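Source file entry_32.cif; content: mmCIF, C-alpha atoms.
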```
data_upload
loop_
_atom_site.label_atom_id
_atom_site.label_comp_id
_atom_site.auth_asym_id
_atom_site.auth_seq_id
_atom_site.Cartn_x
_atom_site.Cartn_y
_atom_site.Cartn_z
CA MET A 9 7.75 -113.42 16.72
CA SER A 10 10.77 -115.38 15.50
CA GLU A 11 14.37 -114.24 15.35
CA VAL A 12 15.96 -114.12 11.89
CA PHE A 13 19.42 -115.39 10.94
CA ILE A 14 21.54 -114.88 7.83
CA ALA A 15 22.39 -118.45 6.90
CA GLY A 16 24.06 -117.81 3.55
CA ALA A 17 25.52 -115.00 1.44
CA GLY A 18 26.66 -114.92 -2.17
CA ILE A 19 27.83 -112.33 -4.67
CA HIS A 20 28.77 -111.93 -8.32
CA PRO A 21 31.59 -109.40 -8.78
CA PHE A 22 30.48 -105.88 -9.66
CA GLY A 23 31.77 -104.02 -12.72
CA ARG A 24 31.33 -104.75 -16.42
CA HIS A 25 30.79 -108.33 -17.61
CA GLU A 26 29.74 -110.32 -20.65
CA LEU A 27 27.03 -112.08 -18.63
CA SER A 28 23.51 -110.71 -18.53
CA GLY A 29 22.30 -109.12 -15.32
CA LEU A 30 19.99 -112.08 -14.82
CA ASP A 31 22.87 -114.56 -15.11
CA GLN A 32 24.84 -112.55 -12.54
CA GLY A 33 21.86 -112.75 -10.21
CA VAL A 34 21.55 -116.51 -10.67
CA PHE A 35 25.27 -116.85 -9.96
CA ALA A 36 24.84 -114.94 -6.67
CA ALA A 37 21.76 -116.96 -5.70
CA ARG A 38 23.54 -120.27 -6.25
CA ALA A 39 26.53 -119.00 -4.27
CA ALA A 40 24.26 -118.05 -1.34
CA LEU A 41 22.51 -121.43 -1.44
CA ALA A 42 25.84 -123.24 -1.42
CA ASP A 43 27.10 -121.05 1.40
CA ALA A 44 24.05 -121.94 3.50
CA GLY A 45 24.29 -125.62 2.61
CA VAL A 46 20.74 -125.80 1.21
CA GLU A 47 19.13 -126.67 -2.12
CA TRP A 48 16.88 -124.36 -4.10
CA ARG A 49 13.95 -126.70 -3.49
CA ASP A 50 14.32 -126.04 0.26
CA VAL A 51 13.56 -122.31 -0.14
CA GLN A 52 9.97 -121.47 0.86
CA CYS A 53 9.75 -117.84 -0.28
CA ALA A 54 11.85 -115.36 -2.20
CA PHE A 55 12.01 -111.62 -2.75
CA GLY A 56 14.12 -109.88 -5.36
CA GLY A 57 14.58 -106.82 -7.48
CA SER A 58 16.29 -105.35 -10.52
CA PHE A 59 15.98 -101.89 -12.04
CA ALA A 60 17.38 -102.34 -15.54
CA ALA A 61 17.87 -106.09 -16.06
CA GLY A 62 14.32 -107.40 -16.00
CA ASP A 63 12.12 -108.89 -13.28
CA ALA A 64 14.02 -110.76 -10.62
CA ASP A 65 11.68 -113.74 -10.80
CA ALA A 66 13.04 -114.42 -14.28
CA ALA A 67 15.69 -116.35 -12.34
CA LEU A 68 13.16 -119.10 -11.59
CA PRO A 69 13.59 -121.17 -14.78
CA ARG A 70 17.35 -121.17 -14.20
CA LEU A 71 17.16 -122.03 -10.52
CA GLY A 72 14.30 -124.49 -10.91
CA LEU A 73 10.51 -124.28 -11.19
CA THR A 74 9.51 -125.38 -7.72
CA GLY A 75 6.36 -123.29 -7.27
CA VAL A 76 8.09 -121.10 -4.68
CA GLN A 77 6.40 -117.84 -3.71
CA PHE A 78 8.54 -115.14 -5.37
CA ILE A 79 7.71 -111.44 -5.08
CA ASN A 80 9.40 -108.79 -7.24
CA VAL A 81 10.47 -105.67 -5.36
CA ALA A 82 11.11 -102.22 -6.86
CA ASN A 83 12.14 -99.33 -4.62
CA GLY A 84 14.84 -97.33 -6.35
CA CYS A 85 18.34 -97.58 -4.90
CA ALA A 86 16.78 -99.10 -1.78
CA THR A 87 15.44 -102.08 -3.75
CA GLY A 88 17.89 -104.55 -2.18
CA GLY A 89 17.26 -103.25 1.32
CA SER A 90 13.50 -103.37 0.76
CA ALA A 91 13.66 -106.96 -0.54
CA LEU A 92 15.66 -107.91 2.54
CA LEU A 93 13.12 -106.22 4.80
CA SER A 94 10.32 -108.18 3.10
CA ALA A 95 12.07 -111.50 3.69
CA TYR A 96 12.86 -110.46 7.26
CA TRP A 97 9.16 -109.90 7.91
CA ALA A 98 8.28 -113.24 6.30
CA ILE A 99 10.64 -115.20 8.57
CA LYS A 100 9.98 -113.08 11.66
CA SER A 101 6.24 -113.69 11.38
CA GLY A 102 6.83 -117.42 11.77
CA GLU A 103 5.17 -118.16 8.43
CA PHE A 104 8.38 -119.38 6.76
CA ASP A 105 11.67 -120.99 7.79
CA LEU A 106 13.89 -120.29 4.79
CA ALA A 107 13.91 -117.36 2.35
CA LEU A 108 16.04 -116.11 -0.54
CA VAL A 109 16.74 -112.42 -1.08
CA LEU A 110 18.09 -111.61 -4.54
CA GLY A 111 19.20 -108.44 -6.31
CA PHE A 112 20.97 -107.87 -9.61
CA ASP A 113 21.34 -105.28 -12.34
CA LYS A 114 23.10 -104.42 -15.57
CA HIS A 115 23.02 -100.70 -16.32
CA PRO A 116 24.08 -99.13 -19.61
CA ARG A 117 27.15 -96.91 -19.58
CA GLY A 118 26.70 -93.29 -18.57
CA SER A 119 24.65 -91.71 -15.84
CA PHE A 120 21.33 -93.02 -14.60
CA ASN A 121 18.49 -91.84 -16.82
CA PRO A 122 15.31 -91.76 -14.72
CA ALA A 123 12.03 -90.95 -16.44
CA PRO A 124 10.14 -87.91 -15.05
CA ALA A 125 6.83 -89.78 -15.18
CA ASP A 126 8.19 -92.45 -12.84
CA MET A 127 8.63 -89.75 -10.20
CA GLY A 128 5.27 -88.09 -10.83
CA LEU A 129 6.87 -85.22 -12.77
CA PRO A 130 6.00 -83.71 -16.19
CA ASP A 131 8.14 -84.40 -19.26
CA TRP A 132 9.39 -80.81 -19.44
CA TYR A 133 11.14 -81.31 -16.10
CA GLY A 134 13.45 -83.81 -17.74
CA GLU A 135 13.77 -81.80 -20.95
CA LEU A 136 15.22 -78.92 -18.92
CA GLY A 137 17.85 -81.24 -17.43
CA MET A 138 16.32 -81.37 -13.97
CA MET A 139 16.48 -85.17 -13.81
CA LEU A 140 20.29 -85.26 -13.83
CA THR A 141 21.03 -86.39 -10.30
CA THR A 142 24.66 -85.27 -10.07
CA GLN A 143 23.65 -81.61 -9.77
CA PHE A 144 21.37 -82.28 -6.80
CA PHE A 145 24.02 -84.19 -4.87
CA ALA A 146 26.57 -81.45 -5.62
CA ASN A 147 24.23 -78.70 -4.45
CA LYS A 148 23.37 -80.67 -1.32
CA ILE A 149 27.00 -81.17 -0.28
CA GLN A 150 27.90 -77.55 -1.14
CA ARG A 151 25.25 -76.37 1.31
CA TYR A 152 26.40 -78.90 3.91
CA MET A 153 30.05 -77.86 3.56
CA ALA A 154 29.13 -74.21 4.10
CA LEU A 155 26.99 -74.98 7.13
CA HIS A 156 29.33 -77.45 8.86
CA GLY A 157 32.87 -76.59 7.82
CA ILE A 158 33.64 -79.61 5.63
CA SER A 159 36.61 -79.10 3.31
CA ARG A 160 37.06 -80.26 -0.25
CA ARG A 161 40.12 -82.24 0.87
CA THR A 162 37.85 -84.31 3.11
CA LEU A 163 35.67 -85.13 0.10
CA GLY A 164 38.81 -86.40 -1.59
CA LEU A 165 39.85 -88.47 1.43
CA VAL A 166 36.53 -90.34 1.33
CA ALA A 167 37.17 -91.38 -2.27
CA GLU A 168 40.83 -92.17 -1.63
CA LYS A 169 39.84 -94.50 1.22
CA ALA A 170 37.24 -96.23 -0.96
CA PHE A 171 39.70 -97.16 -3.68
CA ALA A 172 42.33 -98.23 -1.13
CA ASN A 173 39.85 -100.57 0.57
CA ALA A 174 38.65 -102.03 -2.73
CA VAL A 175 42.14 -103.31 -3.55
CA HIS A 176 41.37 -106.11 -1.08
CA ALA A 177 37.74 -106.77 -2.14
CA PRO A 178 37.49 -109.42 -4.89
CA HIS A 179 33.94 -108.36 -5.75
CA ALA A 180 34.79 -104.65 -6.24
CA TRP A 181 34.90 -103.05 -9.69
CA ARG A 182 37.66 -100.44 -9.32
CA ARG A 183 40.46 -102.19 -7.42
CA ALA A 184 43.37 -99.83 -8.05
CA PRO A 185 44.32 -97.13 -5.53
CA VAL A 186 43.93 -93.51 -6.62
CA ALA A 187 46.11 -90.78 -5.12
CA LEU A 188 44.41 -87.95 -3.26
CA ASP A 189 45.85 -85.28 -5.58
CA ASP A 190 44.58 -87.17 -8.62
CA ILE A 191 41.11 -87.29 -7.08
CA LEU A 192 41.06 -83.59 -6.23
CA ASN A 193 42.47 -82.48 -9.60
CA ALA A 194 40.37 -84.80 -11.79
CA GLN A 195 37.68 -83.64 -14.20
CA MET A 196 34.95 -81.69 -12.43
CA VAL A 197 31.46 -83.17 -12.84
CA ASN A 198 29.41 -80.89 -10.63
CA ASP A 199 31.30 -78.56 -8.30
CA PRO A 200 32.75 -79.58 -5.83
CA LEU A 201 32.62 -83.23 -6.95
CA THR A 202 35.13 -84.61 -9.44
CA LYS A 203 34.68 -87.79 -11.45
CA PHE A 204 36.43 -89.90 -8.78
CA MET A 205 33.99 -88.65 -6.14
CA PHE A 206 30.94 -90.12 -7.90
CA CYS A 207 29.92 -93.75 -8.16
CA SER A 208 28.95 -95.16 -11.55
CA PRO A 209 26.08 -97.40 -12.63
CA SER A 210 27.50 -100.89 -13.01
CA GLU A 211 26.60 -104.57 -13.01
CA GLY A 212 26.51 -107.29 -10.40
CA GLY A 213 24.40 -109.58 -8.27
CA ALA A 214 24.04 -110.34 -4.56
CA ALA A 215 21.92 -112.77 -2.58
CA LEU A 216 21.22 -113.77 1.01
CA ILE A 217 19.54 -116.77 2.64
CA LEU A 218 17.48 -115.93 5.73
CA ALA A 219 16.45 -118.61 8.20
CA SER A 220 14.39 -119.09 11.32
CA PRO A 221 16.25 -120.03 14.54
CA ALA A 222 15.35 -123.71 14.25
CA ARG A 223 16.43 -123.91 10.60
CA ALA A 224 19.58 -121.93 11.26
CA ARG A 225 20.57 -124.26 14.11
CA GLN A 226 19.87 -127.28 11.94
CA LEU A 227 22.19 -125.85 9.28
CA GLY A 228 24.84 -124.83 11.81
CA ARG A 229 24.32 -121.25 10.63
CA ASP A 230 23.00 -119.52 13.73
CA GLN A 231 26.03 -117.28 14.28
CA ILE A 232 24.81 -114.10 12.54
CA ARG A 233 21.44 -112.65 13.44
CA LEU A 234 19.56 -109.91 11.63
CA ARG A 235 18.95 -107.73 14.68
CA GLY A 236 17.01 -104.92 13.01
CA ALA A 237 15.72 -103.84 9.60
CA ALA A 238 13.77 -100.69 8.77
CA MET A 239 12.82 -98.57 5.77
CA ARG A 240 11.43 -95.04 5.83
CA THR A 241 10.33 -92.50 3.24
CA ARG A 242 10.71 -88.72 3.40
CA VAL A 243 8.60 -86.38 5.50
CA LYS A 244 7.80 -82.72 4.97
CA GLY A 245 11.03 -80.76 4.81
CA SER A 246 13.25 -83.71 3.87
CA PHE A 247 15.66 -83.38 0.96
CA GLU A 248 14.25 -84.69 -2.35
CA VAL A 249 16.61 -85.58 -5.17
CA PHE A 250 14.43 -84.12 -7.92
CA SER A 251 13.20 -81.01 -6.09
CA PRO A 252 14.58 -77.65 -7.33
CA SER A 253 14.27 -76.07 -3.87
CA LEU A 254 14.39 -76.78 -0.13
CA ASP A 255 11.77 -76.01 2.48
CA ILE A 256 12.87 -73.33 4.94
CA GLU A 257 11.71 -75.50 7.82
CA ARG A 258 13.91 -78.58 7.52
CA GLY A 259 12.60 -82.03 8.39
CA PRO A 260 14.51 -85.18 9.38
CA SER A 261 15.98 -87.24 6.56
CA PRO A 262 14.68 -90.73 5.74
CA ALA A 263 18.05 -92.08 6.91
CA GLU A 264 17.57 -90.50 10.35
CA LEU A 265 14.12 -92.04 10.66
CA ALA A 266 15.19 -95.50 9.45
CA ALA A 267 18.28 -95.48 11.68
CA LYS A 268 16.25 -94.62 14.77
CA ALA A 269 13.75 -97.39 14.02
CA ALA A 270 16.45 -100.01 13.36
CA PHE A 271 18.41 -99.15 16.51
CA GLU A 272 15.26 -99.39 18.62
CA MET A 273 14.39 -102.73 17.05
CA ALA A 274 17.88 -104.09 17.69
CA GLY A 275 18.14 -102.72 21.22
CA MET A 276 21.50 -101.24 20.24
CA GLY A 277 23.01 -97.87 19.46
CA PRO A 278 25.63 -96.31 17.16
CA ARG A 279 28.45 -96.99 19.64
CA ASP A 280 27.71 -100.72 19.49
CA MET A 281 28.50 -100.91 15.76
CA ASN A 282 31.94 -102.20 14.70
CA VAL A 283 31.70 -101.92 10.91
CA LEU A 284 29.57 -99.56 8.80
CA GLN A 285 28.41 -99.61 5.19
CA LEU A 286 26.87 -96.23 4.35
CA GLN A 287 25.40 -95.08 1.04
CA ASP A 288 28.13 -93.23 -0.85
CA THR A 289 26.54 -92.33 -4.15
CA GLU A 290 29.22 -89.64 -4.03
CA SER A 291 31.79 -88.61 -1.43
CA GLY A 292 29.49 -86.07 0.16
CA ALA A 293 26.81 -88.67 0.81
CA GLU A 294 29.10 -90.76 3.02
CA ILE A 295 30.01 -87.67 5.03
CA MET A 296 26.42 -86.56 5.55
CA HIS A 297 25.20 -90.09 6.29
CA MET A 298 27.76 -90.48 9.09
CA ALA A 299 25.82 -87.85 11.02
CA GLU A 300 22.33 -88.73 9.80
CA ASN A 301 22.78 -92.30 11.03
CA GLY A 302 23.94 -91.13 14.44
CA PHE A 303 27.67 -91.93 14.30
CA CYS A 304 28.78 -88.35 14.92
CA ALA A 305 27.43 -84.82 15.14
CA HIS A 306 27.11 -82.66 12.05
CA GLY A 307 30.49 -81.04 11.43
CA GLU A 308 32.53 -83.61 13.35
CA GLN A 309 33.24 -85.52 10.14
CA GLU A 310 36.00 -83.12 9.15
CA ALA A 311 38.23 -83.99 12.10
CA LEU A 312 37.22 -87.67 12.16
CA ILE A 313 38.01 -88.30 8.50
CA GLN A 314 41.22 -86.26 8.59
CA ALA A 315 42.35 -88.37 11.57
CA GLY A 316 41.59 -91.67 9.78
CA ALA A 317 38.67 -92.68 12.01
CA THR A 318 36.71 -94.16 9.10
CA ARG A 319 39.55 -96.28 7.75
CA ILE A 320 39.68 -100.01 8.35
CA GLY A 321 41.93 -99.67 11.38
CA GLY A 322 39.97 -96.74 12.81
CA PRO A 323 37.23 -96.72 15.46
CA MET A 324 34.39 -96.47 12.91
CA PRO A 325 35.43 -98.22 9.67
CA VAL A 326 33.13 -97.17 6.83
CA ASN A 327 32.63 -98.93 3.48
CA THR A 328 35.28 -101.56 3.95
CA ASP A 329 34.92 -102.97 0.42
CA GLY A 330 35.08 -99.55 -1.24
CA GLY A 331 31.36 -98.85 -1.16
CA CYS A 332 29.51 -97.57 -4.20
CA LEU A 333 32.48 -95.39 -5.17
CA ALA A 334 34.63 -98.44 -5.91
CA CYS A 335 32.01 -101.11 -6.54
CA GLY A 336 29.60 -99.06 -8.61
CA GLU A 337 25.86 -99.13 -8.03
CA PRO A 338 23.82 -101.83 -9.75
CA ILE A 339 20.57 -100.73 -8.15
CA GLY A 340 19.01 -104.11 -7.41
CA ALA A 341 22.17 -105.53 -5.85
CA SER A 342 23.78 -102.56 -4.13
CA GLY A 343 22.02 -102.70 -0.76
CA LEU A 344 22.53 -106.46 -0.54
CA ARG A 345 26.24 -106.02 -1.29
CA GLN A 346 26.48 -103.92 1.87
CA VAL A 347 24.95 -106.70 3.99
CA TYR A 348 27.10 -109.31 2.25
CA GLU A 349 30.20 -107.30 3.18
CA ASN A 350 29.16 -107.09 6.82
CA VAL A 351 28.53 -110.84 6.91
CA ILE A 352 32.06 -111.39 5.61
CA GLN A 353 33.44 -108.99 8.22
CA LEU A 354 31.61 -110.64 11.13
CA ARG A 355 32.85 -114.04 9.95
CA GLY A 356 36.41 -112.72 9.94
CA GLN A 357 36.84 -113.50 6.22
CA GLY A 358 37.75 -110.00 5.01
CA GLY A 359 41.41 -110.72 4.28
CA GLY A 360 43.31 -107.49 3.63
CA ARG A 361 40.20 -105.43 4.35
CA GLN A 362 39.25 -107.25 7.56
CA VAL A 363 38.32 -104.98 10.44
CA PRO A 364 40.54 -105.91 13.40
CA GLY A 365 39.30 -106.82 16.86
CA ASN A 366 36.68 -109.47 16.04
CA PRO A 367 33.74 -107.25 14.99
CA VAL A 368 30.41 -108.42 16.39
CA ALA A 369 27.93 -105.88 14.97
CA GLY A 370 27.50 -104.43 11.49
CA TYR A 371 25.36 -101.58 10.15
CA THR A 372 24.18 -100.83 6.62
CA GLN A 373 22.26 -97.89 5.19
CA VAL A 374 21.14 -97.25 1.63
CA TYR A 375 19.47 -94.12 0.25
CA GLY A 376 17.21 -94.00 -2.79
CA ALA A 377 15.62 -91.26 -4.88
CA PRO A 378 13.58 -89.23 -4.49
CA GLY A 379 13.88 -89.68 -0.72
CA LEU A 380 13.86 -93.03 1.08
CA ALA A 381 16.30 -95.08 3.11
CA ALA A 382 16.71 -98.65 4.35
CA VAL A 383 18.84 -99.72 7.33
CA THR A 384 19.91 -103.14 8.59
CA ILE A 385 21.78 -104.18 11.71
CA ILE A 386 23.36 -107.62 12.06
CA GLY A 387 24.92 -109.09 15.19
CA LYS A 388 27.22 -112.01 15.86
#
```

How would this structure read if it were set down as structure tokens?
Amino acid sequence: MSEVFIAGAGIHPFGRHELSGLDQGVFAARAALADAGVEWRDVQCAFGGSFAAGDADAALPRLGLTGVQFINVANGCATGGSALLSAYWAIKSGEFDLALVLGFDKHPRGSFNPAPADMGLPDWYGELGMMLTTQFFANKIQRYMALHGISRRTLGLVAEKAFANAVHAPHAWRRAPVALDDILNAQMVNDPLTKFMFCSPSEGGAALILASPARARQLGRDQIRLRGAAMRTRVKGSFEVFSPSLDIERGPSPAELAAKAAFEMAGMGPRDMNVLQLQDTESGAEIMHMAENGFCAHGEQEALIQAGATRIGGPMPVNTDGGCLACGEPIGASGLRQVYENVIQLRGQGGGRQVPGNPVAGYTQVYGAPGLAAVTIIGK
């Protein structure tokens, strides 16, 4: 089984743009190819996804019709992570030497509008308002706060950090700092989460080039290795975004399962990670995912966040480019943005958001409805 290297990374800024989602994806793909120093005709296989901007393989006429094997991937908010996992398998098997992973999206304004039928639910479920995801995330963090002593101020600190980090991230959407009091006193969406504590659907594209060891050495791009990649779905008792109730007997979350698998694959543990990108659909998600991914015990987040542990200069910097809160969440591209950011950090190219101390290992985790997670670990 071959090792897998990240030879190139490219991104189109997130936010709102005149370009189509497809054009943003093509922009990111070309940037990744240029970063790796390869031509499109050199790519042997490709995997990509988009939720609202058409099939990812629509990029082929723009990139060039070379006959490349291109597989469209659709897996909710974990689409990017799942496309990356597919390319990882393709290279790791020894079947291919060079692969493109592509994700892009262009969502309409407003909240996500999932169809009940897509989740195996009847139409009346949506007609009653049960498909509105903000209420589920709010209820989930309310329960967590009661169980583990997390304060509303800590929710605000997560968002405040995100916007402060994004000031230094050229690809972020919301690049202006927001004061903690403004976050806490903003319009309430679903208690306890205000509008600044939620991410928004947005637009953007991200792409990666994966290579075998021999190809990576040939390109001079064998510095960053994809050490582990895993995706898991929910088990009995896991939280489901569209479920109106919780099982009394709680099961492990998909993030816990994917994290355990990725760490075992990488031969590493949480303490080995220098920079973290965790799914922050809203402020509460980042807090809960800190524990679910093994970086602290449940309840320890309150003291850690209050002490600044998750800031760029802290011992466990989280979402160094502002995460979903500041970048928005174009579904096809979001998980790949996380990996792109870790590549930049391990290269030491983060500028004002660079994690100090020469980081050598990066961790990403994305969560998707109704209950699945993808994790990647890269090492320098």

Next item on the list: Would you kindly return, as a list in words, each protein, DNA or RNA residue with an atom no farther than 10 Å from any atom of Glu349 (chain A), considering all atoms listed in the file and excluding same-chain residues fewer than 5 positions away?
Entry: Ala17, Gly18, Ile19, Ala177, His179, Val283, Leu284, Gln285, Asn327, Thr328, Asp329, Gly331, Leu344, Leu354, Arg355, Gln357, Gly358, Gly370 and Thr372 of chain A

Notebook entry, point to check: Exactly which residues make up the result of the PyMOL selection byres ((chain A and resi 15) around 10) on this file, given as a PyMOL selection string?
Noted result: chain A and resi 12-14+16-17+40-41+43-46+106-107+216-221+223-225+227-233+351

Next item on the list: Taking the file above as input, evaluate the PyMOL selection byres ((chain A and resi 120) around 8) and report the hits as a ChimeraX atom specification.
Entry: /A:118-119,121-122,140-141,209

For the residues in that selection, give me C-alpha atoms as an mmCIF file, keeping the file's coordinate frame.
```cif
data_model
loop_
_atom_site.group_PDB
_atom_site.id
_atom_site.type_symbol
_atom_site.label_atom_id
_atom_site.label_comp_id
_atom_site.auth_asym_id
_atom_site.auth_seq_id
_atom_site.Cartn_x
_atom_site.Cartn_y
_atom_site.Cartn_z
ATOM 1 C CA GLY A 118 26.700 -93.290 -18.570
ATOM 2 C CA SER A 119 24.650 -91.710 -15.840
ATOM 3 C CA ASN A 121 18.490 -91.840 -16.820
ATOM 4 C CA PRO A 122 15.310 -91.760 -14.720
ATOM 5 C CA LEU A 140 20.290 -85.260 -13.830
ATOM 6 C CA THR A 141 21.030 -86.390 -10.300
ATOM 7 C CA PRO A 209 26.080 -97.400 -12.630
#
```

Item checked: Residue among A:Gly134, A:Gly302, A:Pro200, A:Gly84 lying closest to Ala266 (chain A), counting all atoms listed in the file -> A:Gly302

Check: On this structure, which residues satisfy the PyMOL selection byres ((chain A and resi 292) around 12), written as a PyMOL selection string?
Finding: chain A and resi 142+144-153+158-167+198-202+204-207+286-291+293-299+309-310+333

Item checked: Contacts of Ala60 (chain A) within 10 Å, all atoms listed in the file, excl. fewer than 3 positions in-chain, as a list in words ->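 Non-adjacent residues within range: Gly29, Gly57, Asp63, Phe112, Asp113, Lys114, His115, Pro116, Glu211, Pro338, Ile339 and Gly340 of chain A.
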
Let me see the file: selected residues, C-alpha atoms, as a CSV table (one decimal), keeping the file's coordinate frame.
```
chain,number,residue,atom,x,y,z
A,29,GLY,CA,22.3,-109.1,-15.3
A,57,GLY,CA,14.6,-106.8,-7.5
A,63,ASP,CA,12.1,-108.9,-13.3
A,112,PHE,CA,21.0,-107.9,-9.6
A,113,ASP,CA,21.3,-105.3,-12.3
A,114,LYS,CA,23.1,-104.4,-15.6
A,115,HIS,CA,23.0,-100.7,-16.3
A,116,PRO,CA,24.1,-99.1,-19.6
A,211,GLU,CA,26.6,-104.6,-13.0
A,338,PRO,CA,23.8,-101.8,-9.8
A,339,ILE,CA,20.6,-100.7,-8.2
A,340,GLY,CA,19.0,-104.1,-7.4
```

Next item on the list: Go through A:Asn350, A:Gln143, A:Thr74, A:Thr241 one by one, measure the shortest atom-to-atom distance of each to Met281 (chain A) using all atoms listed in the file, and give the residue with the smallest value.
Entry: A:Asn350

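Between Ala369 (chain A) and the candidates A:Ala274, A:Leu265, A:Ala341, A:Ala54, the tightest atom-to-atom separation, counting only C-alpha atoms, involves A:Ala274.
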
Notebook entry, point to check: Could you tell me, as a PyMOL selection string, which residues have any atom at most 12 Å from (16.4, -107.2, -7.6), counting only C-alpha atoms?
Noted result: chain A and resi 29-30+32-34+36-37+54-67+78-92+108-114+211-216+338-345

Checklist line | Residue neighbourhood Glu264 (chain A), 12 Å, only C-alpha atoms, exclusion window fewer than 4 positions, as a PyMOL selection string | finding: chain A and resi 238-243+246-247+259-260+268-271+296-303+373-375+379-383

Next item on the list: Measuring atom to atom with only C-alpha atoms, identify which of A:Ile256, A:Val249, A:Ala154, A:Met273 is nearest to Gly236 (chain A).
Entry: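 Ranking A:Ile256, A:Val249, A:Ala154, A:Met273 by distance to Gly236 (chain A), first place goes to A:Met273.
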
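Atom pair CA of Ala184 (chain A) / CA of Lys169 (chain A): separated by 11.3 Å.
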
Notebook entry, point to check: A:Gly336, A:Pro364, A:Gly387, A:Gly330: which is nearest Gly275 (chain A), counting all atoms listed in the file?
Noted result: A:Gly387

Next item on the list: Would you work out the distance separating CA of Val326 (chain A) from CA of Leu192 (chain A), expressed in Å to one decimal?
Entry: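 That distance, rounded to one decimal, is 20.4 Å.
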
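In this structure, CA of Asp126 (chain A) sits 17.0 Å away from CA of Pro252 (chain A).
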
Checklist line | Residue with smallest distance to Gly72 (chain A) - pool A:Val51, A:Leu155, A:Leu312, A:Leu93, counting only C-alpha atoms | finding: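 Nearest to Gly72 (chain A): A:Val51.
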
Checklist line | Non-local contacts of Pro185 (chain A) (12 Å; all atoms listed in the file; under 2 positions in same chain excluded) as a list in words | finding: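 These residues fall inside the cut-off: Leu165, Ala167, Glu168, Lys169, Ala170, Phe171, Ala172, Asn173, Ala174, Val175, His176, Trp181, Arg182, Arg183, Ala187, Leu188, Asp189, Asp190, Ile191, Phe204, Gly330, Leu333 and Ala334 of chain A.
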
Notebook entry, point to check: Within 7 Å of Gly245 (chain A), counting only C-alpha atoms, which residues qualify if same-chain residues fewer than 6 places away don't, as a list in words?
Noted result: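 Residues meeting the cut-off are Asp255, Glu257, Arg258 and Gly259 of chain A.
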